[in-house]
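Read the structure below first, then the notes.
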Amino acid sequence: MALTILEKVGIVFILVVAVQLVRRLLQLFYDHVVAPALRMNVDFTKFKGTWAVVTGATDGLGKAYAEAMARRGLDVVLISRTKAKLDSVAADIEAQFKVRTKVVVADFTAGDEIYDTIEKELTGLDVSVLINNVGMSYPHPEYFLGLPDGSKVFQSILRCNIHSVTNMSLLVMPRMVERKRGVIVNVSSATALFPSPLLTVYGATKSFVDKLSEDLQAEYGRQGLTVQCILPGVVATNMSKVRRATWMAPSPDQFVESALKRVGILQKTPGYYPHSLLVWSIQLMQSISPSLCLYAIMQTMLNVRDRARRRYTTS
């Protein structure tokens, strides 16, 4: 029996989707399994004895990155705003990994004068790795005009998420270029890759981090630098307010060890295989029906917003 035109179109559509699905799954398998197994990623142990600078280093991903660098033999500069936490993390790292540490107190939501202090503290150090991890989000998902003291919150987010990445890169990159070696890992967010209503300013700042990383790699990749942008989904950290690690929300240590295997292989990546699948699934939905994708994201964010507001009401 002859197929109708509509049936033929449907078959073609299904075949196209199937081909794209297989192609993408094979690419994910190569990026996350084959290439790391072949050790095509950056070997951070070759920087042993030099310094790694980690911002937002006392909790979550920042602490995990600091420990991962120390585990590979790098000395670590820990930068965050709370001296007591910095000293505690530094002491633990020195005791466990037998490397040097240096702590720098800086509040990245403050003005740009903090970078004068950071620059002085980094003077004379052979910095091979910069982890631009520090970041700030909303207290909970909310409409652009709905946050109390929204202007103040947004200014802090802009300083913490945009100024920090730009200014820290300006501080360490000249010596990296001079020595023709160095790795910069900029922590963005999966929200930069698809619509992020109710996290509008946060998502926009993370898009900036993605774009900056892409173009810095284009400018300085031939001069010995590797610039990577990490765009994770939910990780079990204080900022995400997820306390228990799961397959889709890994612990900071799990995520960082996964992400480091992709440095030098992928210029931009969610860094963790399940997050890559999640991002690809959302982007596939967006390519098929942008309006349906936006509706699903919006409803999800509204549900999270409503739960957060109920917690505030009952607390």
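Each chain in the structure tokens gets a letter, A, B, ..., in the order shown, and its residues are numbered from 1; ligands are numbered from 1 in order too.
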Show me a table, sorted first by chain and then by increasing residue number, of the residues of stretch 146-255 of chain A having an atom at most 6 Å from stretch 105-117 of chain A, each with its shortest atom pair and the distance in Å to one decimal, counting only C-alpha atoms and written as a Markdown table.
```
| residue | atom | partner | partner_atom | distance |
| --- | --- | --- | --- | --- |
| A:Ser156 | CA | A:Thr109 | CA | 4.8 |
| A:Arg159 | CA | A:Thr109 | CA | 5.3 |
| A:Cys160 | CA | A:Phe108 | CA | 5.0 |
```
Would you please extract all strand (DSSP E or B) residues from stretch 45-196 of chain A, as assigned by DSSP on the backbone, and give them as a ChimeraX atom specification? /A:51-55,75-80,101-105,127-132,182-187
Select from stretch 165-257 of chain A every residue with an atom at most 10 Å from any atom of stretch 267-283 of chain A, then for each give the shortest pair of atoms and their distance in Å to one decimal, using only C-alpha atoms, rows by chain and rising number, as a tab-separated table.
```
residue	atom	partner	partner_atom	distance
A:Val185	CA	A:Gln267	CA	9.6
A:Asn186	CA	A:Lys268	CA	9.5
A:Val187	CA	A:Pro270	CA	9.5
A:Ser188	CA	A:Pro270	CA	8.9
A:Ser189	CA	A:Pro270	CA	7.7
A:Ala190	CA	A:Pro270	CA	6.7
A:Thr191	CA	A:Val279	CA	9.3
A:Leu193	CA	A:Val279	CA	7.7
A:Phe194	CA	A:Gln283	CA	7.1
A:Pro195	CA	A:Ile282	CA	9.8
A:Asp210	CA	A:Lys268	CA	7.7
A:Lys211	CA	A:Lys268	CA	10.0
A:Ser213	CA	A:Gln267	CA	8.3
A:Glu214	CA	A:Gln267	CA	7.2
A:Gln217	CA	A:Gln267	CA	7.8
A:Thr226	CA	A:Gln267	CA	8.2
A:Val227	CA	A:Gln267	CA	6.8
A:Gln228	CA	A:Gln267	CA	4.8
A:Cys229	CA	A:Lys268	CA	4.7
A:Ile230	CA	A:Thr269	CA	5.3
A:Leu231	CA	A:Pro270	CA	4.2
A:Pro232	CA	A:Pro270	CA	4.4
A:Gly233	CA	A:His275	CA	5.6
A:Val234	CA	A:His275	CA	8.1
A:Val235	CA	A:His275	CA	9.7
A:Trp247	CA	A:Pro274	CA	7.5
A:Met248	CA	A:Pro274	CA	6.1
A:Ala249	CA	A:His275	CA	8.6
A:Pro250	CA	A:Tyr272	CA	8.8
A:Gln254	CA	A:Tyr272	CA	8.8
A:Phe255	CA	A:Tyr272	CA	6.2
A:Val256	CA	A:Gly271	CA	7.9
A:Glu257	CA	A:Tyr272	CA	9.1
```
Please save C-alpha atoms of the selected residues as a PDB file, in the first residue's frame.
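Output file again.pdb follows:
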```
ATOM      1  CA  VAL A 185      38.962  26.681  33.581  1.00  0.00           C
ATOM      2  CA  ASN A 186      35.961  28.999  33.697  1.00  0.00           C
ATOM      3  CA  VAL A 187      32.915  27.618  35.506  1.00  0.00           C
ATOM      4  CA  SER A 188      29.737  28.702  33.753  1.00  0.00           C
ATOM      5  CA  SER A 189      26.380  26.912  33.936  1.00  0.00           C
ATOM      6  CA  ALA A 190      24.078  24.838  31.755  1.00  0.00           C
ATOM      7  CA  THR A 191      21.653  27.770  32.015  1.00  0.00           C
ATOM      8  CA  LEU A 193      22.891  26.889  26.842  1.00  0.00           C
ATOM      9  CA  PHE A 194      19.092  27.212  26.875  1.00  0.00           C
ATOM     10  CA  PRO A 195      16.411  29.583  28.190  1.00  0.00           C
ATOM     11  CA  ASP A 210      30.850  30.895  27.889  1.00  0.00           C
ATOM     12  CA  LYS A 211      31.481  33.491  25.174  1.00  0.00           C
ATOM     13  CA  SER A 213      36.083  31.433  27.202  1.00  0.00           C
ATOM     14  CA  GLU A 214      35.418  30.558  23.572  1.00  0.00           C
ATOM     15  CA  GLN A 217      40.772  30.065  23.463  1.00  0.00           C
ATOM     16  CA  THR A 226      44.100  25.995  27.171  1.00  0.00           C
ATOM     17  CA  VAL A 227      40.888  27.817  28.049  1.00  0.00           C
ATOM     18  CA  GLN A 228      37.928  25.638  28.901  1.00  0.00           C
ATOM     19  CA  CYS A 229      34.378  26.526  29.861  1.00  0.00           C
ATOM     20  CA  ILE A 230      32.499  24.151  32.150  1.00  0.00           C
ATOM     21  CA  LEU A 231      28.700  24.354  31.933  1.00  0.00           C
ATOM     22  CA  PRO A 232      27.388  22.018  34.637  1.00  0.00           C
ATOM     23  CA  GLY A 233      23.887  21.099  35.558  1.00  0.00           C
ATOM     24  CA  VAL A 234      22.935  20.643  39.212  1.00  0.00           C
ATOM     25  CA  VAL A 235      25.759  19.603  41.562  1.00  0.00           C
ATOM     26  CA  TRP A 247      23.402  10.284  39.625  1.00  0.00           C
ATOM     27  CA  MET A 248      22.101  13.545  38.118  1.00  0.00           C
ATOM     28  CA  ALA A 249      23.390  15.762  40.951  1.00  0.00           C
ATOM     29  CA  PRO A 250      26.884  14.450  41.724  1.00  0.00           C
ATOM     30  CA  GLN A 254      32.717  13.424  41.575  1.00  0.00           C
ATOM     31  CA  PHE A 255      31.953  16.290  39.246  1.00  0.00           C
ATOM     32  CA  VAL A 256      35.427  17.844  39.328  1.00  0.00           C
ATOM     33  CA  GLU A 257      37.238  14.561  38.661  1.00  0.00           C
TER      34      GLU A 257
END
```
Residue contacts of A:Asn161 (8 Å, only C-alpha atoms) excluding same-chain residues fewer than 4 positions away, as a PDB file with C-alpha atoms, in the first residue's frame:
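Result file out-v1.pdb:
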```pdb
ATOM      1  CA  VAL A 134      33.459  31.805  42.181  1.00  0.00           C
ATOM      2  CA  GLY A 135      29.853  32.543  41.321  1.00  0.00           C
ATOM      3  CA  MET A 136      26.579  33.808  42.694  1.00  0.00           C
ATOM      4  CA  ILE A 157      25.837  38.817  40.617  1.00  0.00           C
ATOM      5  CA  VAL A 165      36.388  35.947  35.432  1.00  0.00           C
ATOM      6  CA  THR A 205      26.216  36.291  33.198  1.00  0.00           C
ATOM      7  CA  LYS A 206      26.952  32.626  32.594  1.00  0.00           C
ATOM      8  CA  VAL A 209      31.517  33.354  30.717  1.00  0.00           C
TER       9      VAL A 209
END
```
Apply DSSP to the structure's backbone, then extract all residues of stretch 171-204 of chain A labelled alpha helix (DSSP H) and return them as a ChimeraX atom specification. /A:171-179,200-204
Selection file, N, CA and C atoms, as an mmCIF file, in the first residue's frame:
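What ended up in selection_26.cif:
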```
data_model
loop_
_atom_site.group_PDB
_atom_site.id
_atom_site.type_symbol
_atom_site.label_atom_id
_atom_site.label_comp_id
_atom_site.auth_asym_id
_atom_site.auth_seq_id
_atom_site.Cartn_x
_atom_site.Cartn_y
_atom_site.Cartn_z
ATOM 1 N N LEU A 171 44.840 39.166 35.277
ATOM 2 C CA LEU A 171 45.955 39.107 36.215
ATOM 3 C C LEU A 171 46.943 37.990 35.890
ATOM 4 N N VAL A 172 46.444 36.812 35.527
ATOM 5 C CA VAL A 172 47.345 35.658 35.400
ATOM 6 C C VAL A 172 47.774 35.361 33.961
ATOM 7 N N MET A 173 47.005 35.802 32.979
ATOM 8 C CA MET A 173 47.313 35.414 31.607
ATOM 9 C C MET A 173 48.622 35.972 31.053
ATOM 10 N N PRO A 174 49.028 37.205 31.392
ATOM 11 C CA PRO A 174 50.284 37.702 30.802
ATOM 12 C C PRO A 174 51.479 36.789 31.041
ATOM 13 N N ARG A 175 51.643 36.273 32.268
ATOM 14 C CA ARG A 175 52.773 35.377 32.536
ATOM 15 C C ARG A 175 52.575 34.026 31.867
ATOM 16 N N MET A 176 51.336 33.572 31.767
ATOM 17 C CA MET A 176 51.078 32.319 31.061
ATOM 18 C C MET A 176 51.486 32.434 29.596
ATOM 19 N N VAL A 177 51.114 33.542 28.971
ATOM 20 C CA VAL A 177 51.466 33.762 27.570
ATOM 21 C C VAL A 177 52.980 33.874 27.424
ATOM 22 N N GLU A 178 53.602 34.559 28.358
ATOM 23 C CA GLU A 178 55.061 34.716 28.332
ATOM 24 C C GLU A 178 55.771 33.362 28.397
ATOM 25 N N ARG A 179 55.229 32.454 29.233
ATOM 26 C CA ARG A 179 55.847 31.134 29.405
ATOM 27 C C ARG A 179 55.292 30.096 28.430
ATOM 28 N N THR A 200 17.137 35.071 35.128
ATOM 29 C CA THR A 200 17.502 35.804 33.919
ATOM 30 C C THR A 200 18.905 36.403 33.987
ATOM 31 N N VAL A 201 19.197 37.150 35.036
ATOM 32 C CA VAL A 201 20.502 37.814 35.135
ATOM 33 C C VAL A 201 21.607 36.791 35.343
ATOM 34 N N TYR A 202 21.350 35.790 36.174
ATOM 35 C CA TYR A 202 22.330 34.726 36.392
ATOM 36 C C TYR A 202 22.660 34.030 35.074
ATOM 37 N N GLY A 203 21.633 33.629 34.332
ATOM 38 C CA GLY A 203 21.861 32.958 33.060
ATOM 39 C C GLY A 203 22.625 33.825 32.082
ATOM 40 N N ALA A 204 22.320 35.123 32.070
ATOM 41 C CA ALA A 204 23.017 36.037 31.161
ATOM 42 C C ALA A 204 24.496 36.152 31.515
#
```
Could the residues of stretch 195-289 of chain A that have an atom at most 6 Å from stretch 57-78 of chain A be listed as JSON lines, each with its closest atom pair and the distance in Å to one decimal, counting only C-alpha atoms and ordered by chain and ascending residue number?
```
{"residue": "A:Thr237", "atom": "CA", "partner": "A:Gly60", "partner_atom": "CA", "distance": 5.1}
{"residue": "A:Pro252", "atom": "CA", "partner": "A:Leu61", "partner_atom": "CA", "distance": 5.1}
{"residue": "A:Asp253", "atom": "CA", "partner": "A:Ala64", "partner_atom": "CA", "distance": 5.3}
```
A:Thr82, A:Ser196, A:Glu119, A:Val19: which is nearest A:Ile297, counting only C-alpha atoms? A:Ser196
Do a neighbour search on stretch 24-38 of chain A at 6 Å with only C-alpha atoms, toss out local chain neighbours closer than 3 positions, and write the hits as a ChimeraX atom specification. /A:20-21,261
Give me, please, the distance in Å between atom CA of A:Tyr312 and atom CA of A:Pro148, quoted to one decimal. 13.4 Å
Which residues are close to A:Val183, i.e. within 9 Å by only C-alpha atoms, leaving aside same-chain residues fewer than 6 positions away? Reply as a PyMOL selection string. chain A and resi 42+44+128-131+176+224-228+263-264
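Nearest to A:Cys293 of all the residues A:Gly182, A:Gly56, A:Pro197, A:Pro141 is A:Pro197, counting only C-alpha atoms.
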Just how far from atom CA of A:Lys85 is atom CA of A:Lys46, in Å to one decimal?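 Atom CA of A:Lys85 lies 29.0 Å from atom CA of A:Lys46.
Straight-line separation from atom CA of A:Met239 to atom CA of A:Arg307: 16.2 Å.
Of the residues under consideration (A:Leu284, A:Ala236, A:Arg181, A:Gln155), A:Arg181 shows the shortest atom-to-atom contact distance to A:Gln223 when counting only C-alpha atoms.
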